[in-house]
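File shown: query.txt. Contents: compact mmCIF, C-alpha atoms and all ligand atoms.
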# COMPACT_ATOMS: atom_id res chain seq x y z
CA MET A 21 -14.46 -19.01 22.82
CA ALA A 22 -11.69 -18.41 20.27
CA ALA A 23 -12.49 -19.20 16.62
CA PHE A 24 -11.71 -22.79 15.56
CA GLY A 25 -8.02 -23.24 14.79
CA THR A 26 -6.75 -19.88 16.02
CA VAL A 27 -5.11 -21.05 19.26
CA PHE A 28 -1.94 -23.15 19.00
CA MET A 29 0.25 -25.12 21.34
CA PRO A 30 3.58 -23.27 21.65
CA GLU A 31 5.63 -26.09 20.08
CA MET A 32 5.28 -28.43 17.13
CA ALA A 33 7.08 -31.48 15.76
CA ILE A 34 9.01 -30.91 12.52
CA SER A 35 11.12 -32.94 10.09
CA TRP A 36 12.86 -32.04 6.81
CA PHE A 37 13.51 -34.12 3.67
CA ASP A 38 16.81 -33.10 2.07
CA GLY A 39 16.39 -34.98 -1.19
CA ASN A 40 17.69 -38.25 0.25
CA SER A 41 16.33 -38.80 3.70
CA TRP A 42 14.13 -37.39 6.44
CA SER A 43 15.82 -35.65 9.36
CA ASP A 44 15.13 -36.83 12.89
CA ALA A 45 12.00 -35.16 14.22
CA GLU A 46 12.58 -32.10 16.38
CA VAL A 47 10.30 -30.13 18.63
CA VAL A 48 10.48 -26.43 17.78
CA SER A 49 8.57 -23.26 18.55
CA SER A 50 5.31 -23.17 16.58
CA ASP A 51 5.20 -19.43 16.05
CA SER A 52 7.45 -19.22 12.99
CA LEU A 53 8.99 -21.19 10.17
CA GLN A 54 11.91 -20.20 8.00
CA LEU A 55 11.50 -20.78 4.27
CA HIS A 56 13.31 -19.54 1.20
CA PRO A 57 11.06 -17.03 -0.66
CA GLY A 58 11.57 -19.19 -3.74
CA ALA A 59 10.30 -22.32 -1.96
CA HIS A 60 8.28 -24.50 -4.37
CA VAL A 61 5.17 -24.46 -2.18
CA LEU A 62 4.90 -20.66 -2.24
CA HIS A 63 4.71 -20.61 -6.04
CA TYR A 64 3.31 -23.93 -7.18
CA SER A 65 1.20 -25.00 -4.17
CA SER A 66 3.00 -28.27 -3.51
CA THR A 67 1.27 -28.76 -0.17
CA CYS A 68 -1.08 -31.13 1.57
CA PHE A 69 -2.36 -31.44 5.11
CA GLU A 70 -4.51 -33.52 7.43
CA GLY A 71 -6.95 -32.87 10.24
CA LEU A 72 -7.56 -35.33 13.07
CA LYS A 73 -8.42 -35.12 16.75
CA ALA A 74 -7.27 -36.36 20.13
CA PHE A 75 -9.94 -36.76 22.82
CA ARG A 76 -9.81 -36.75 26.61
CA HIS A 77 -11.67 -39.63 28.26
CA GLU A 78 -13.24 -39.56 31.70
CA ASP A 79 -10.41 -41.69 33.15
CA GLY A 80 -7.93 -39.02 32.02
CA SER A 81 -6.53 -41.06 29.12
CA ILE A 82 -6.01 -39.43 25.70
CA LYS A 83 -7.09 -41.19 22.49
CA ILE A 84 -6.49 -40.26 18.86
CA PHE A 85 -9.34 -41.05 16.47
CA ARG A 86 -8.61 -43.06 13.28
CA MET A 87 -5.01 -41.91 12.96
CA ASP A 88 -4.25 -44.76 10.53
CA ARG A 89 -6.80 -43.38 8.04
CA ASN A 90 -5.40 -39.87 8.21
CA LEU A 91 -1.86 -41.18 7.79
CA GLU A 92 -2.94 -43.15 4.71
CA ARG A 93 -4.57 -40.08 3.19
CA PHE A 94 -1.54 -37.90 4.04
CA ALA A 95 0.74 -40.39 2.28
CA GLN A 96 -1.62 -40.58 -0.68
CA SER A 97 -1.95 -36.78 -0.99
CA SER A 98 1.86 -36.48 -0.87
CA GLN A 99 2.23 -39.09 -3.58
CA LEU A 100 -0.43 -37.59 -5.88
CA LEU A 101 1.20 -34.15 -5.53
CA ALA A 102 4.62 -35.62 -6.42
CA LEU A 103 6.00 -34.57 -3.03
CA PRO A 104 8.72 -36.73 -1.43
CA GLU A 105 7.30 -39.90 0.08
CA ILE A 106 6.53 -39.63 3.79
CA ASP A 107 7.69 -42.32 6.21
CA LYS A 108 4.36 -43.23 7.77
CA ALA A 109 5.88 -44.80 10.89
CA ALA A 110 8.02 -41.71 11.53
CA THR A 111 5.08 -39.38 10.88
CA GLN A 112 2.90 -41.39 13.26
CA LYS A 113 5.59 -41.15 15.94
CA MET A 114 5.76 -37.38 15.48
CA ILE A 115 2.00 -37.18 16.06
CA LEU A 116 2.07 -39.43 19.11
CA ASP A 117 5.06 -37.64 20.65
CA ILE A 118 3.74 -34.12 20.21
CA VAL A 119 0.27 -35.02 21.53
CA THR A 120 1.92 -36.73 24.50
CA ARG A 121 3.96 -33.60 25.17
CA PHE A 122 0.78 -31.51 25.35
CA LYS A 123 -1.58 -34.10 26.78
CA SER A 124 -2.49 -31.99 29.77
CA ASP A 125 -3.79 -29.33 27.33
CA VAL A 126 -6.24 -31.67 25.57
CA PRO A 127 -9.65 -30.11 26.34
CA GLU A 128 -12.52 -31.97 27.98
CA PRO A 129 -15.44 -32.98 25.74
CA PRO A 130 -17.03 -31.43 23.76
CA GLY A 131 -13.59 -29.96 23.07
CA SER A 132 -10.62 -31.84 21.67
CA MET A 133 -7.05 -31.35 20.44
CA TYR A 134 -7.07 -30.79 16.69
CA ILE A 135 -3.91 -32.13 15.01
CA ARG A 136 -2.76 -30.59 11.74
CA PRO A 137 -0.01 -32.57 9.95
CA THR A 138 1.28 -30.49 7.02
CA HIS A 139 3.71 -31.40 4.20
CA PHE A 140 5.07 -29.03 1.54
CA GLY A 141 7.80 -28.60 -1.05
CA THR A 142 10.70 -26.43 0.10
CA GLU A 143 13.09 -26.50 -2.85
CA PRO A 144 14.16 -22.95 -3.77
CA ALA A 145 13.46 -23.28 -7.50
CA ILE A 146 11.01 -20.89 -9.12
CA GLY A 147 11.60 -22.42 -12.54
CA LYS A 148 10.00 -25.70 -11.44
CA ALA A 149 6.41 -24.96 -12.44
CA ALA A 150 6.22 -28.30 -14.20
CA SER A 151 8.43 -30.42 -12.00
CA PRO A 152 8.30 -31.45 -8.36
CA SER A 153 10.16 -30.16 -5.35
CA LEU A 154 12.97 -32.53 -4.41
CA THR A 155 13.04 -31.33 -0.82
CA SER A 156 10.18 -30.90 1.64
CA CYS A 157 9.15 -30.33 5.22
CA GLN A 158 6.47 -31.83 7.42
CA TYR A 159 5.24 -30.59 10.76
CA MET A 160 2.52 -31.48 13.24
CA LEU A 161 0.76 -28.46 14.65
CA LEU A 162 -1.70 -28.68 17.56
CA SER A 163 -4.74 -26.54 18.21
CA PRO A 164 -7.12 -27.07 21.14
CA VAL A 165 -10.68 -26.64 19.85
CA GLY A 166 -14.21 -26.43 21.22
CA ASP A 167 -17.44 -27.55 19.62
CA TYR A 168 -17.22 -26.18 16.06
CA PHE A 169 -20.96 -25.95 15.57
CA SER A 170 -22.34 -25.48 19.05
CA GLY A 171 -25.30 -24.11 17.12
CA GLY A 172 -28.09 -25.78 19.14
CA ASP A 173 -31.17 -25.82 16.97
CA THR A 174 -29.67 -24.04 14.00
CA THR A 175 -29.26 -25.71 10.63
CA LEU A 176 -27.11 -24.80 7.65
CA ARG A 177 -28.17 -23.15 4.41
CA LEU A 178 -26.42 -24.60 1.36
CA LEU A 179 -26.29 -23.21 -2.16
CA LEU A 180 -26.40 -25.98 -4.79
CA GLU A 181 -23.80 -25.02 -7.40
CA GLU A 182 -24.21 -26.93 -10.64
CA ASN A 183 -22.00 -24.87 -12.91
CA GLY A 184 -18.73 -24.73 -11.03
CA ALA A 185 -16.65 -27.40 -9.33
CA ARG A 186 -14.83 -27.14 -6.01
CA CYS A 187 -11.55 -28.01 -7.70
CA ALA A 188 -10.19 -29.81 -10.76
CA ALA A 189 -11.80 -33.25 -11.02
CA HIS A 190 -8.52 -35.16 -10.62
CA MET A 191 -7.58 -33.18 -7.46
CA GLY A 192 -10.65 -33.82 -5.30
CA MET A 193 -9.29 -36.72 -3.27
CA ILE A 194 -6.10 -34.80 -2.41
CA LYS A 195 -6.27 -32.70 0.76
CA SER A 196 -4.34 -29.80 -0.71
CA GLY A 197 -4.45 -26.08 -0.02
CA GLY A 198 -5.04 -25.18 -3.67
CA ASN A 199 -8.42 -26.92 -3.62
CA TYR A 200 -9.59 -24.67 -0.79
CA ALA A 201 -8.31 -21.57 -2.58
CA SER A 202 -10.18 -22.67 -5.68
CA ALA A 203 -13.49 -22.94 -3.76
CA LEU A 204 -13.19 -19.66 -1.91
CA ARG A 205 -14.65 -17.26 -4.45
CA PRO A 206 -17.94 -19.12 -5.01
CA ILE A 207 -18.32 -19.64 -1.25
CA MET A 208 -17.77 -15.95 -0.49
CA GLN A 209 -20.24 -14.99 -3.19
CA ALA A 210 -22.89 -17.39 -1.88
CA LYS A 211 -22.45 -15.97 1.62
CA ALA A 212 -22.70 -12.37 0.45
CA ASP A 213 -25.54 -12.79 -2.06
CA LEU A 214 -27.71 -15.46 -0.44
CA ASN A 215 -26.68 -15.61 3.20
CA ALA A 216 -25.67 -19.22 2.53
CA ASP A 217 -23.36 -20.96 5.00
CA GLN A 218 -21.66 -23.09 2.39
CA VAL A 219 -21.75 -24.18 -1.23
CA LEU A 220 -22.64 -27.78 -2.10
CA PHE A 221 -20.72 -28.38 -5.30
CA CYS A 222 -22.80 -30.38 -7.79
CA PRO A 223 -21.03 -30.13 -11.15
CA ASP A 224 -23.45 -31.09 -13.94
CA GLY A 225 -26.00 -32.12 -11.31
CA ASP A 226 -23.68 -34.59 -9.51
CA VAL A 227 -23.96 -33.93 -5.73
CA GLN A 228 -20.36 -34.02 -4.44
CA GLU A 229 -19.31 -32.16 -1.27
CA THR A 230 -19.08 -28.69 0.26
CA GLY A 231 -15.97 -26.56 0.69
CA ALA A 232 -14.82 -28.43 3.80
CA ALA A 233 -17.13 -31.37 4.48
CA ASN A 234 -18.88 -34.33 2.86
CA PHE A 235 -22.63 -34.37 2.24
CA LEU A 236 -25.03 -37.07 3.47
CA LEU A 237 -28.74 -37.36 2.69
CA ILE A 238 -30.75 -39.25 5.29
CA ASP A 239 -34.12 -40.45 4.02
CA GLY A 240 -35.86 -42.53 6.69
CA ASP A 241 -33.54 -45.42 7.47
CA GLU A 242 -31.38 -44.92 4.37
CA VAL A 243 -28.20 -42.83 4.13
CA ILE A 244 -27.34 -41.78 0.58
CA THR A 245 -23.99 -40.27 -0.40
CA LYS A 246 -21.76 -40.13 -3.43
CA ALA A 247 -19.66 -43.25 -4.04
CA LEU A 248 -15.90 -42.76 -3.74
CA ASP A 249 -14.09 -41.54 -6.82
CA GLU A 250 -11.16 -39.17 -7.27
CA SER A 251 -13.33 -36.04 -7.60
CA PHE A 252 -13.93 -35.41 -3.88
CA LEU A 253 -12.30 -35.91 -0.48
CA HIS A 254 -12.74 -39.33 1.10
CA GLY A 255 -13.70 -38.15 4.54
CA VAL A 256 -12.79 -40.21 7.57
CA THR A 257 -15.93 -38.94 9.29
CA ARG A 258 -18.02 -39.96 6.27
CA ASP A 259 -16.66 -43.48 6.54
CA SER A 260 -17.21 -43.55 10.31
CA ILE A 261 -20.81 -42.34 10.09
CA LEU A 262 -21.61 -44.84 7.33
CA THR A 263 -20.13 -47.63 9.46
CA ILE A 264 -22.17 -46.55 12.49
CA ALA A 265 -25.31 -46.30 10.34
CA ARG A 266 -24.77 -49.88 9.13
CA ASP A 267 -24.17 -50.99 12.73
CA LEU A 268 -27.52 -49.42 13.66
CA GLY A 269 -29.23 -51.45 10.92
CA MET A 270 -29.65 -48.57 8.50
CA LYS A 271 -29.27 -48.96 4.76
CA VAL A 272 -26.22 -47.22 3.31
CA SER A 273 -26.26 -46.34 -0.39
CA GLU A 274 -22.98 -45.10 -1.83
CA ARG A 275 -23.95 -44.12 -5.33
CA GLN A 276 -24.50 -41.16 -7.57
CA LEU A 277 -27.01 -38.62 -6.25
CA THR A 278 -28.36 -36.00 -8.65
CA VAL A 279 -29.65 -32.55 -7.76
CA ASP A 280 -33.09 -33.58 -9.08
CA GLU A 281 -33.25 -36.60 -6.78
CA LEU A 282 -31.91 -34.59 -3.85
CA LEU A 283 -34.62 -31.92 -4.20
CA GLU A 284 -37.31 -34.55 -4.69
CA ARG A 285 -36.30 -36.46 -1.55
CA ALA A 286 -35.71 -33.28 0.49
CA ALA A 287 -39.39 -32.40 0.04
CA LYS A 288 -40.45 -35.43 2.12
CA PRO A 289 -41.33 -34.41 5.68
CA ASN A 290 -38.94 -36.90 7.31
CA CYS A 291 -35.93 -36.27 5.11
CA GLU A 292 -32.68 -34.99 6.68
CA ALA A 293 -29.32 -33.86 5.36
CA ALA A 294 -26.00 -33.29 7.11
CA LEU A 295 -22.37 -32.37 6.54
CA SER A 296 -19.69 -34.68 7.89
CA GLY A 297 -16.11 -33.77 8.73
CA THR A 298 -13.54 -33.79 11.51
CA ALA A 299 -14.39 -30.20 12.39
CA ALA A 300 -18.10 -30.33 11.47
CA VAL A 301 -18.62 -33.80 13.05
CA LEU A 302 -22.19 -34.14 11.70
CA THR A 303 -23.91 -30.80 11.19
CA PRO A 304 -27.56 -30.63 10.13
CA VAL A 305 -28.55 -28.95 6.86
CA GLY A 306 -31.94 -27.23 6.91
CA THR A 307 -32.20 -25.40 3.60
CA LEU A 308 -31.08 -25.96 0.02
CA ILE A 309 -30.92 -22.98 -2.33
CA HIS A 310 -31.25 -23.75 -6.03
CA ASN A 311 -31.83 -21.43 -8.97
CA GLY A 312 -33.08 -18.63 -6.74
CA LYS A 313 -35.53 -20.80 -4.77
CA GLU A 314 -35.21 -22.11 -1.23
CA TYR A 315 -36.11 -25.70 -0.38
CA PRO A 316 -36.36 -26.85 3.24
CA VAL A 317 -34.92 -30.31 3.90
CA GLY A 318 -37.75 -32.19 5.61
CA ASN A 319 -39.17 -29.79 8.17
CA GLY A 320 -36.08 -27.57 7.93
CA GLY A 321 -35.04 -28.32 11.49
CA VAL A 322 -32.44 -30.51 13.18
CA GLY A 323 -33.14 -34.13 12.24
CA ALA A 324 -33.47 -36.82 14.90
CA THR A 325 -31.37 -39.34 12.94
CA THR A 326 -28.61 -36.78 12.41
CA VAL A 327 -28.53 -36.18 16.18
CA LYS A 328 -28.51 -39.93 16.86
CA LEU A 329 -25.61 -40.62 14.45
CA ARG A 330 -23.62 -37.66 15.72
CA GLN A 331 -24.10 -38.80 19.32
CA ALA A 332 -23.07 -42.37 18.47
CA LEU A 333 -19.84 -41.06 16.89
CA ASN A 334 -19.13 -38.72 19.81
CA ASP A 335 -19.78 -41.54 22.30
CA ILE A 336 -17.04 -43.65 20.68
CA GLN A 337 -14.65 -40.67 20.49
CA TRP A 338 -15.30 -39.74 24.13
CA GLY A 339 -15.04 -43.31 25.44
CA LYS A 340 -18.72 -43.57 26.35
CA ALA A 341 -19.44 -46.41 23.92
CA GLU A 342 -17.45 -49.48 22.98
CA ASP A 343 -14.75 -48.87 20.35
CA LYS A 344 -15.66 -52.04 18.51
CA HIS A 345 -13.92 -51.11 15.26
CA GLY A 346 -10.62 -50.25 16.97
CA TRP A 347 -10.71 -46.58 15.94
CA LEU A 348 -8.93 -45.17 19.00
CA THR A 349 -5.17 -45.10 19.59
CA SER A 350 -3.95 -44.51 23.13
CA ILE A 351 -1.02 -42.23 23.64
C1 LIG B 1 -13.25 -30.73 1.24
C2 LIG B 1 -13.47 -31.61 2.41
N1 LIG B 1 -14.31 -32.65 2.27
C3 LIG B 1 -14.53 -33.51 3.28
C4 LIG B 1 -13.92 -33.34 4.51
C5 LIG B 1 -14.19 -34.32 5.60
O1 LIG B 1 -13.06 -35.12 5.82
P1 LIG B 1 -12.79 -35.76 7.25
O2 LIG B 1 -14.05 -36.40 7.67
O3 LIG B 1 -11.68 -36.72 7.02
O4 LIG B 1 -12.40 -34.63 8.15
C6 LIG B 1 -13.03 -32.27 4.70
C7 LIG B 1 -12.31 -32.06 5.96
O5 LIG B 1 -12.77 -31.97 7.04
C8 LIG B 1 -12.81 -31.38 3.63
O6 LIG B 1 -11.99 -30.34 3.78
Have the structure of the file written as structure tokens, please.
Ligand SMILES: Cc1ncc(COP(=O)(O)O)c(C=O)c1O
Amino acid sequence: MAAFGTVFMPEMAISWFDGNSWSDAEVVSSDSLQLHPGAHVLHYSSTCFEGLKAFRHEDGSIKIFRMDRNLERFAQSSQLLALPEIDKAATQKMILDIVTRFKSDVPEPPGSMYIRPTHFGTEPAIGKAASPSLTSCQYMLLSPVGDYFSGGDTTLRLLLEENGARCAAHMGMIKSGGNYASALRPIMQAKADLNADQVLFCPDGDVQETGAANFLLIDGDEVITKALDESFLHGVTRDSILTIARDLGMKVSERQLTVDELLERAAKPNCEAALSGTAAVLTPVGTLIHNGKEYPVGNGGVGATTVKLRQALNDIQWGKAEDKHGWLTSI
């Protein structure tokens, strides 16, 4: 199977903001994009994106999961990056239309169609390091994907990083390319030096998130995760899993979690940990690496509660359980 996000539908939806208004959406070839070499995004990283999925149900219908949440976050990222304001209704229509165009290519479960809305500053102005791009472009790219972590019984190894942050504290809730670039060096180092799969950023002992997913600690019937603030990405999957956990009668604690508490709880035999994200869904964490020592989470294996929560989310996405929160949009 091709690596996640490397296969694309041949066309995408695109729209341009000229400083006054958005152009009508067009469907264009997805294999190239013409930009001025002085475009603001290429120099000052005025870019944000989203990631959401469309699922094929057994009756052949196609449903998009929590599109309203992703649209909200896309609009918020654009605003916090001082990009032109998006027109949410028009953006939503672009998503619906392009997914409809390629609906016969939406894979069967456990696959799905990954949707990547992207918005960036296009103004050719290399002197604008300290001012925003007045023009911009947004497009909706589609990539059919399989099961990201079809790993079976494998669990992730995470390095706890207390000295560095993933990105600047005021940028965490923005889904912007620069944040991923900022996290790359520590992640590559942790992979090379410690055979870690990811870094769990815990600046000054505050357990935040990994490079591309949120972190959840599951201790018995309690799920513990950092309360929302602007320092990390407010994952749609995080919110969905917490909602499902509450529905199942579990206790959900959104509060500060320190590295000390995490290691103390991880030592209990029934403790579990997982990463949540659109791509990761809910992926079990088996080992924490801290100051040169390795700490298994619980028994180090795949936790039963993690599997149960992941299945409950998949069942809603795949139309096998009631969508009681109205998370699915039909195309
Ligand atoms: C840094 C980061 N945190 C968290 C998440 C999870 O967000 P979501 O569940 O909306 O995909 C992502 C994206 O998947 C991410 O890139």
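Compared by their closest atoms to Asp224 (chain A), and using only C-alpha atoms, the residues A:Ser163, A:Pro144, A:Glu181, A:Glu105 rank with A:Glu181 nearest.
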**OP:** Residues up to 10 Å from ligand LIG 1 (chain B), counting only C-alpha atoms and all ligand atoms: could you list those as an MDAnalysis selection string?
**Re:** chainID A and resid 69:73 86 89:90 93 186:187 192:197 199:200 203 228:235 252:261 295:302
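With only C-alpha atoms as the atoms that count, the minimum distance from Lys328 (chain A) to the choices A:Ala265, A:Ala110, A:Val165, A:Leu62 is reached by A:Ala265.
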Original post:
So which residues touch Leu329 (chain A) within 12 Å, counting all atoms listed in the file, skipping near sequence neighbours fewer than 5 positions away, as a PyMOL selection string?
Top reply: chain A and resi 236+238+241+243+257-258+260-270+292-296+301-304+323-324+334-336
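With CA of Asp44 (chain A) on one side and CA of Asp117 (chain A) on the other, the separation reads 12.7 Å.
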Original post:
Within 9 Å of Leu283 (chain A), counting all atoms listed in the file, which residues qualify if same-chain residues fewer than 4 places away don't, as number ranges by chain?
Top reply: A: 278-279, 287, 308, 315, 317
**OP:** Please provide the set of residues having any atom within 12 Å of Asp173 (chain A), restricted to all atoms listed in the file, with same-chain residues fewer than 2 positions apart removed, written as a ChimeraX atom specification.
**Re:** /A:169-171,175-176,303-306,320-324,327
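Taking CA of Ser124 (chain A) and CA of Asp79 (chain A) as endpoints, the distance between them is 13.0 Å.
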Return region 239-261 of chain A, completed with N, CA, C and O atoms, as an mmCIF file, in the frame of the given file.
data_model
loop_
_atom_site.group_PDB
_atom_site.id
_atom_site.type_symbol
_atom_site.label_atom_id
_atom_site.label_comp_id
_atom_site.auth_asym_id
_atom_site.auth_seq_id
_atom_site.Cartn_x
_atom_site.Cartn_y
_atom_site.Cartn_z
ATOM 1 N N ASP A 239 -32.697 -40.340 4.367
ATOM 2 C CA ASP A 239 -34.120 -40.450 4.020
ATOM 3 C C ASP A 239 -34.673 -41.663 4.762
ATOM 4 O O ASP A 239 -34.437 -42.807 4.343
ATOM 5 N N GLY A 240 -35.364 -41.418 5.868
ATOM 6 C CA GLY A 240 -35.860 -42.530 6.690
ATOM 7 C C GLY A 240 -34.692 -43.317 7.241
ATOM 8 O O GLY A 240 -33.802 -42.751 7.873
ATOM 9 N N ASP A 241 -34.656 -44.639 6.922
ATOM 10 C CA ASP A 241 -33.540 -45.420 7.470
ATOM 11 C C ASP A 241 -32.451 -45.660 6.419
ATOM 12 O O ASP A 241 -31.671 -46.597 6.521
ATOM 13 N N GLU A 242 -32.420 -44.785 5.409
ATOM 14 C CA GLU A 242 -31.380 -44.920 4.370
ATOM 15 C C GLU A 242 -30.474 -43.682 4.353
ATOM 16 O O GLU A 242 -30.955 -42.549 4.398
ATOM 17 N N VAL A 243 -29.155 -43.927 4.294
ATOM 18 C CA VAL A 243 -28.200 -42.830 4.130
ATOM 19 C C VAL A 243 -27.676 -42.913 2.702
ATOM 20 O O VAL A 243 -27.196 -43.967 2.271
ATOM 21 N N ILE A 244 -27.778 -41.800 1.982
ATOM 22 C CA ILE A 244 -27.340 -41.780 0.580
ATOM 23 C C ILE A 244 -26.206 -40.770 0.448
ATOM 24 O O ILE A 244 -26.320 -39.622 0.891
ATOM 25 N N THR A 245 -25.108 -41.193 -0.173
ATOM 26 C CA THR A 245 -23.990 -40.270 -0.400
ATOM 27 C C THR A 245 -23.196 -40.743 -1.605
ATOM 28 O O THR A 245 -23.235 -41.924 -1.972
ATOM 29 N N LYS A 246 -22.496 -39.811 -2.210
ATOM 30 C CA LYS A 246 -21.760 -40.130 -3.430
ATOM 31 C C LYS A 246 -20.744 -41.246 -3.190
ATOM 32 O O LYS A 246 -20.055 -41.270 -2.171
ATOM 33 N N ALA A 247 -20.667 -42.182 -4.134
ATOM 34 C CA ALA A 247 -19.660 -43.250 -4.040
ATOM 35 C C ALA A 247 -18.276 -42.666 -4.262
ATOM 36 O O ALA A 247 -18.112 -41.668 -4.975
ATOM 37 N N LEU A 248 -17.270 -43.287 -3.654
ATOM 38 C CA LEU A 248 -15.900 -42.760 -3.740
ATOM 39 C C LEU A 248 -15.389 -42.761 -5.180
ATOM 40 O O LEU A 248 -15.522 -43.752 -5.894
ATOM 41 N N ASP A 249 -14.869 -41.622 -5.584
ATOM 42 C CA ASP A 249 -14.090 -41.540 -6.820
ATOM 43 C C ASP A 249 -13.068 -40.421 -6.597
ATOM 44 O O ASP A 249 -13.028 -39.837 -5.506
ATOM 45 N N GLU A 250 -12.257 -40.105 -7.581
ATOM 46 C CA GLU A 250 -11.160 -39.170 -7.270
ATOM 47 C C GLU A 250 -11.594 -37.702 -7.260
ATOM 48 O O GLU A 250 -10.787 -36.827 -6.978
ATOM 49 N N SER A 251 -12.893 -37.437 -7.471
ATOM 50 C CA SER A 251 -13.330 -36.040 -7.600
ATOM 51 C C SER A 251 -13.609 -35.343 -6.270
ATOM 52 O O SER A 251 -13.848 -34.139 -6.257
ATOM 53 N N PHE A 252 -13.624 -36.078 -5.163
ATOM 54 C CA PHE A 252 -13.930 -35.410 -3.880
ATOM 55 C C PHE A 252 -13.159 -36.081 -2.743
ATOM 56 O O PHE A 252 -12.604 -37.184 -2.918
ATOM 57 N N LEU A 253 -13.127 -35.415 -1.588
ATOM 58 C CA LEU A 253 -12.300 -35.910 -0.480
ATOM 59 C C LEU A 253 -12.981 -37.081 0.241
ATOM 60 O O LEU A 253 -14.154 -36.996 0.602
ATOM 61 N N HIS A 254 -12.204 -38.133 0.443
ATOM 62 C CA HIS A 254 -12.740 -39.330 1.100
ATOM 63 C C HIS A 254 -12.675 -39.139 2.609
ATOM 64 O O HIS A 254 -11.695 -39.488 3.266
ATOM 65 N N GLY A 255 -13.708 -38.550 3.135
ATOM 66 C CA GLY A 255 -13.700 -38.150 4.540
ATOM 67 C C GLY A 255 -13.654 -39.329 5.494
ATOM 68 O O GLY A 255 -14.354 -40.335 5.305
ATOM 69 N N VAL A 256 -12.862 -39.177 6.537
ATOM 70 C CA VAL A 256 -12.790 -40.210 7.570
ATOM 71 C C VAL A 256 -14.092 -40.206 8.378
ATOM 72 O O VAL A 256 -14.589 -41.250 8.789
ATOM 73 N N THR A 257 -14.658 -39.026 8.564
ATOM 74 C CA THR A 257 -15.930 -38.940 9.290
ATOM 75 C C THR A 257 -17.051 -39.580 8.470
ATOM 76 O O THR A 257 -17.907 -40.282 9.022
ATOM 77 N N ARG A 258 -17.037 -39.330 7.172
ATOM 78 C CA ARG A 258 -18.020 -39.960 6.270
ATOM 79 C C ARG A 258 -17.995 -41.462 6.461
ATOM 80 O O ARG A 258 -19.024 -42.101 6.683
ATOM 81 N N ASP A 259 -16.795 -42.038 6.389
ATOM 82 C CA ASP A 259 -16.660 -43.480 6.540
ATOM 83 C C ASP A 259 -17.140 -43.941 7.922
ATOM 84 O O ASP A 259 -17.793 -44.978 8.041
ATOM 85 N N SER A 260 -16.827 -43.164 8.944
ATOM 86 C CA SER A 260 -17.210 -43.550 10.310
ATOM 87 C C SER A 260 -18.727 -43.515 10.478
ATOM 88 O O SER A 260 -19.317 -44.427 11.066
ATOM 89 N N ILE A 261 -19.347 -42.454 9.967
ATOM 90 C CA ILE A 261 -20.810 -42.340 10.090
ATOM 91 C C ILE A 261 -21.509 -43.455 9.301
ATOM 92 O O ILE A 261 -22.485 -44.052 9.780
#
